[in-house]
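K.L.:
Have a look at the structure that comes next, please.
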Amino acid sequence: RSAEASGKPGRSSAAVDHQADESKGLIDTSPPRGTRDFDPQDMRLRSWLFGHWQDVSRQCGFEQVDFPVVENEELFVRKAGEEITSQLYNFADKGQRRLALRPELTPSLARLVLKKAKSLPLPAKWWTIGQCWRYERMTRGRRREHYQWNCDIIGLEGVAAEAELLAAITLFFERVGITPADVGIKVNSRKSLQAILTQAGVPEERFAAVCVIVDKIEKLPEEKVREELAGIGVTSKAADKILAAMATRSLEDLEKLLGPDNKAVADLRQLFTLAEAYGMADWIVFDASVVRGLSYYTGIVFEGFDRQGVLRAICGGGRYDGLLGALGGENQPMCGFGFGDAVIMELLQDRGLLPDLSHEVEDLVLALDEDLRPQASCIAQQLRQKGRRVDLVLEGGRRMKWAFKHAERISAQRLVLVGKEEWAQGNVRIKNLETREQEDMTPTALLDTTSCLGAV
Ligand SMILES: OCc1cccc(Br)n1
């Protein structure tokens, strides 16, 4: 609105707009549709989850990396009919550049590998946590953002890499109290589909699109899946073979179907052998119907699932040896997984495994008299410099009764009271809220320094 419109001569439009905003009343305090706020309690839980992801990544020798949440749109444009690219959160910026909020982290990781090229010693093990976005019509009211933990191994051909990824995932589950009775990890290889398509004379370039279609076998009626396969030129005979392979119940059956020299069977056998060696065999189960929905997987694929069958996939990943080539670079063997923050928190909630995290402060420092604020501030800061987590009561006029209640609320261990009488005798009063003991202590005894004595 301009000044003229409001009839107020000569006022800047900004002032007028502000006035207009005031008349508009309270802004919408909800975050944008499909997004979340994290208040302190939510943030403590999120930090707890991310802390476990970080610890496991480090324990398994991965190095942390990060990328912009905004990428050039072209990084995610793929022609295989995936949901993740059809729901791209894309836009043109003020320079008319085509950008997108990343829907996943793997293409960014691939871009960084390409950027580093020969300067990256291989194999490399990278991990990251990042917020990922999709623009889904809110008809289903689903979220438009989530945080994902990713671990990736670059430059390793054999299934030792996939085994290491599974080891990181199972280590995480164990850390948070989830057992193989709660959760399993279905493992398969897309190389079995590749063999069938080759046998059936389906052109190689159809492979990715076939995988994206058959990934929907659990969600769509078989007829629909067959229709979509026919839609990309897969004969019904080839479709029969694909669906038969996906229905095999064991590695032995798969071997009967594909022959003893099939790479998928060999990879899976080796992966199960390594799983035994890692002590994680109880977590891993062969499932020929798992293909995952991302077009770029080329070999082993896997997904974590809740054995009660209530929740959506907990995590997922696999080998993607052709992604660098698809981005115009030189291929490297690559594999990795993504692990979202939403389903795992639902599972932990359902299993009663969410920790009770309160705001933890060790010392609460209170000036019982406003004249002693300098002394209280000095003591608080010195305690912090000694590594204590210290909250200093900033508002005046607080009394002991309030301080005890507040200390309870923030689970403080000690109440450090700076009062006139004690200070006059060179003391501060320490109340240990765990042992209920109380003692008067000189600042020197409390701090191993005399610096606060002169604080005036
Ligand atoms: O896993 C698919 C996906 C991608 C981005 C954001 C969200 Br919520 N979900």
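Within each chain, counting starts at residue 1; across the structure tokens, chains are named A, B, ... in the order shown, with ligands numbered 1 upward in that order.
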Which residues come within 6 Å of stretch 368-371 of chain A, counting only C-alpha atoms, excluding same-chain residues fewer than 2 positions away, as a ChimeraX atom specification?

P.N.:
/A:366,373,418-419

K.L.:
Quick one: residues within 6 Å of ligand 1, with only C-alpha atoms and all ligand atoms, as number ranges by chain?

P.N.:
A: 103, 132-134, 143-146

K.L.:
Could you list, as a PyMOL selection string, every residue within 9 Å of A:Gln41, counting only C-alpha atoms and ignoring same-chain residues fewer than 3 positions away?

P.N.:
chain A and resi 38+44-46+357-359

K.L.:
Produce a file of the selected residues containing C-alpha atoms, as a PDB file, in the first residue's frame.

P.N.:
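Below is the file again_33.pdb, written as the result:
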```pdb
ATOM      1  CA  PHE A  38      11.109 -27.779  17.489  1.00  0.00           C
ATOM      2  CA  ARG A  44      16.188 -32.240  23.199  1.00  0.00           C
ATOM      3  CA  LEU A  45      14.730 -35.387  21.585  1.00  0.00           C
ATOM      4  CA  ARG A  46      16.025 -34.416  18.130  1.00  0.00           C
ATOM      5  CA  LEU A 357      15.047 -35.573  28.758  1.00  0.00           C
ATOM      6  CA  SER A 358      14.733 -32.522  30.956  1.00  0.00           C
ATOM      7  CA  HIS A 359      16.493 -29.155  30.720  1.00  0.00           C
TER       8      HIS A 359
END
```

K.L.:
Check the smallest atom-to-atom distance from each of A:Gly316, A:Gly51, A:Pro68, A:Gly155 to A:Lys186 using only C-alpha atoms, then report the winner.

P.N.:
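Under the stated criterion, the closest residue is A:Gly316.
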
K.L.:
Can you tell me which residues surround stretch 198-201 of chain A at a distance of at most 10 Å, considering only C-alpha atoms, apart from same-chain residues fewer than 3 positions away, and format the answer as a list in words?

P.N.:
Ser192, Leu193, Gln194, Ala195, Glu204, Phe207, Val234, Thr235, Lys237, Ala238, Ala239, Lys241, Ile242 and Leu258 of chain A

K.L.:
Could you build a table of the residues in stretch 18-117 of chain A lying no more than 12 Å from stretch 341-353 of chain A, giving for each the nearest pair of atoms and their separation in Å rounded to one decimal place, using only C-alpha atoms, ordered by chain and ascending residue number, as JSON lines?

P.N.:
```
{"residue": "A:Arg36", "atom": "CA", "partner": "A:Ala342", "partner_atom": "CA", "distance": 11.3}
{"residue": "A:Asp42", "atom": "CA", "partner": "A:Met345", "partner_atom": "CA", "distance": 11.0}
{"residue": "A:Leu45", "atom": "CA", "partner": "A:Met345", "partner_atom": "CA", "distance": 9.0}
{"residue": "A:Arg46", "atom": "CA", "partner": "A:Asp341", "partner_atom": "CA", "distance": 8.1}
{"residue": "A:Ser47", "atom": "CA", "partner": "A:Asp341", "partner_atom": "CA", "distance": 11.0}
{"residue": "A:Trp48", "atom": "CA", "partner": "A:Met345", "partner_atom": "CA", "distance": 11.0}
{"residue": "A:Leu49", "atom": "CA", "partner": "A:Asp341", "partner_atom": "CA", "distance": 7.9}
{"residue": "A:Phe50", "atom": "CA", "partner": "A:Asp341", "partner_atom": "CA", "distance": 8.8}
{"residue": "A:His52", "atom": "CA", "partner": "A:Asp341", "partner_atom": "CA", "distance": 11.9}
{"residue": "A:Trp53", "atom": "CA", "partner": "A:Asp341", "partner_atom": "CA", "distance": 10.4}
```

K.L.:
Go ahead and save the picked residues with C-alpha atoms, as an mmCIF file, in the first residue's frame.

P.N.:
```cif
data_model
loop_
_atom_site.group_PDB
_atom_site.id
_atom_site.type_symbol
_atom_site.label_atom_id
_atom_site.label_comp_id
_atom_site.auth_asym_id
_atom_site.auth_seq_id
_atom_site.Cartn_x
_atom_site.Cartn_y
_atom_site.Cartn_z
ATOM 1 C CA ARG A 36 7.645 -28.353 11.975
ATOM 2 C CA ASP A 42 11.271 -31.485 20.896
ATOM 3 C CA LEU A 45 14.730 -35.387 21.585
ATOM 4 C CA ARG A 46 16.025 -34.416 18.130
ATOM 5 C CA SER A 47 19.492 -33.693 19.524
ATOM 6 C CA TRP A 48 19.399 -37.040 21.307
ATOM 7 C CA LEU A 49 18.592 -38.826 18.017
ATOM 8 C CA PHE A 50 21.194 -36.884 16.036
ATOM 9 C CA HIS A 52 23.317 -41.286 18.344
ATOM 10 C CA TRP A 53 23.565 -40.932 14.556
#
```

K.L.:
Which residues are close to A:Ile430, i.e. within 7 Å by only C-alpha atoms, leaving aside same-chain residues fewer than 5 positions away? Reply as a PyMOL selection string.

P.N.:
chain A and resi 414-417+438-441

K.L.:
Out of A:Arg142, A:Leu99, A:Thr29, A:Leu229, which residue has the shortest atom-to-atom distance to A:Ala208 when counting only C-alpha atoms?

P.N.:
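Smallest distance to A:Ala208 is found for A:Leu229.
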
K.L.:
Which of stretch 108-165 of chain A end up as alpha helix (DSSP H) when DSSP is run on this backbone - answer as an NGL selection string?

P.N.:
:A and (108-116 or 160-165)

K.L.:
Show me, as a ChimeraX atom specification, the residues that have an atom within 9 Å of A:Glu228 when counting only C-alpha atoms, minus same-chain residues fewer than 4 positions from it.

P.N.:
/A:210,213-214,223-224,232-234

K.L.:
Write the selection just made, keeping all heavy atoms, as a PDB file, in the first residue's frame?

P.N.:
```
ATOM      1  N   VAL A 210      11.810 -49.772 -14.751  1.00  0.00           N
ATOM      2  CA  VAL A 210      11.171 -51.032 -14.301  1.00  0.00           C
ATOM      3  C   VAL A 210      11.252 -51.115 -12.777  1.00  0.00           C
ATOM      4  O   VAL A 210      10.260 -51.402 -12.093  1.00  0.00           O
ATOM      5  CB  VAL A 210      11.864 -52.259 -14.938  1.00  0.00           C
ATOM      6  CG1 VAL A 210      11.444 -53.552 -14.236  1.00  0.00           C
ATOM      7  CG2 VAL A 210      11.556 -52.326 -16.425  1.00  0.00           C
ATOM      8  N   ILE A 213       8.806 -48.910 -11.039  1.00  0.00           N
ATOM      9  CA  ILE A 213       7.433 -49.438 -11.146  1.00  0.00           C
ATOM     10  C   ILE A 213       7.233 -50.618 -10.201  1.00  0.00           C
ATOM     11  O   ILE A 213       6.319 -50.630  -9.375  1.00  0.00           O
ATOM     12  CB  ILE A 213       7.125 -49.855 -12.598  1.00  0.00           C
ATOM     13  CG1 ILE A 213       7.016 -48.611 -13.496  1.00  0.00           C
ATOM     14  CG2 ILE A 213       5.823 -50.683 -12.664  1.00  0.00           C
ATOM     15  CD1 ILE A 213       6.960 -48.926 -14.974  1.00  0.00           C
ATOM     16  N   VAL A 214       8.123 -51.601 -10.249  1.00  0.00           N
ATOM     17  CA  VAL A 214       7.897 -52.802  -9.427  1.00  0.00           C
ATOM     18  C   VAL A 214       8.105 -52.511  -7.938  1.00  0.00           C
ATOM     19  O   VAL A 214       7.656 -53.272  -7.088  1.00  0.00           O
ATOM     20  CB  VAL A 214       8.762 -53.997  -9.879  1.00  0.00           C
ATOM     21  CG1 VAL A 214       8.419 -54.392 -11.296  1.00  0.00           C
ATOM     22  CG2 VAL A 214      10.253 -53.713  -9.723  1.00  0.00           C
ATOM     23  N   GLU A 223      -2.276 -55.881 -11.139  1.00  0.00           N
ATOM     24  CA  GLU A 223      -2.722 -55.498 -12.487  1.00  0.00           C
ATOM     25  C   GLU A 223      -2.153 -54.132 -12.885  1.00  0.00           C
ATOM     26  O   GLU A 223      -1.675 -53.914 -13.993  1.00  0.00           O
ATOM     27  CB  GLU A 223      -4.258 -55.464 -12.547  1.00  0.00           C
ATOM     28  CG  GLU A 223      -4.828 -56.693 -13.205  1.00  0.00           C
ATOM     29  CD  GLU A 223      -3.869 -57.301 -14.240  1.00  0.00           C
ATOM     30  OE1 GLU A 223      -3.685 -56.706 -15.323  1.00  0.00           O
ATOM     31  OE2 GLU A 223      -3.257 -58.354 -13.936  1.00  0.00           O
ATOM     32  N   LYS A 224      -2.189 -53.230 -11.914  1.00  0.00           N
ATOM     33  CA  LYS A 224      -1.723 -51.845 -12.172  1.00  0.00           C
ATOM     34  C   LYS A 224      -0.233 -51.868 -12.486  1.00  0.00           C
ATOM     35  O   LYS A 224       0.240 -51.202 -13.402  1.00  0.00           O
ATOM     36  CB  LYS A 224      -2.018 -50.984 -10.927  1.00  0.00           C
ATOM     37  CG  LYS A 224      -1.707 -49.506 -11.113  1.00  0.00           C
ATOM     38  CD  LYS A 224      -2.869 -48.749 -11.827  1.00  0.00           C
ATOM     39  CE  LYS A 224      -2.531 -47.271 -11.964  1.00  0.00           C
ATOM     40  NZ  LYS A 224      -1.502 -47.005 -13.035  1.00  0.00           N
ATOM     41  N   ILE A 232       5.811 -49.196 -20.507  1.00  0.00           N
ATOM     42  CA  ILE A 232       7.190 -48.831 -20.898  1.00  0.00           C
ATOM     43  C   ILE A 232       7.800 -49.937 -21.765  1.00  0.00           C
ATOM     44  O   ILE A 232       9.012 -50.089 -21.857  1.00  0.00           O
ATOM     45  CB  ILE A 232       8.091 -48.550 -19.667  1.00  0.00           C
ATOM     46  CG1 ILE A 232       8.195 -49.775 -18.765  1.00  0.00           C
ATOM     47  CG2 ILE A 232       7.585 -47.354 -18.892  1.00  0.00           C
ATOM     48  CD1 ILE A 232       9.317 -49.645 -17.725  1.00  0.00           C
ATOM     49  N   GLY A 233       6.906 -50.757 -22.353  1.00  0.00           N
ATOM     50  CA  GLY A 233       7.377 -51.706 -23.359  1.00  0.00           C
ATOM     51  C   GLY A 233       7.846 -53.033 -22.822  1.00  0.00           C
ATOM     52  O   GLY A 233       8.509 -53.805 -23.524  1.00  0.00           O
ATOM     53  N   VAL A 234       7.526 -53.354 -21.565  1.00  0.00           N
ATOM     54  CA  VAL A 234       7.906 -54.665 -21.021  1.00  0.00           C
ATOM     55  C   VAL A 234       6.788 -55.661 -21.371  1.00  0.00           C
ATOM     56  O   VAL A 234       5.620 -55.434 -21.051  1.00  0.00           O
ATOM     57  CB  VAL A 234       8.091 -54.599 -19.485  1.00  0.00           C
ATOM     58  CG1 VAL A 234       8.352 -55.986 -18.903  1.00  0.00           C
ATOM     59  CG2 VAL A 234       9.238 -53.647 -19.149  1.00  0.00           C
TER      60      VAL A 234
END
```

K.L.:
Could you give me, as a ChimeraX atom specification, the residues within 8 Å of stretch 276-291 of chain A, counting only C-alpha atoms and dropping anything in the same chain fewer than 2 positions from it?

P.N.:
/A:167,170,180,183-190,211-212,214-215,217,245-251,272-274,293,301-303

K.L.:
Enter the distance from atom CA of A:Asn72 to atom CA of A:Pro123, in Å, rounded to one decimal.

P.N.:
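The value is 26.9 Å.
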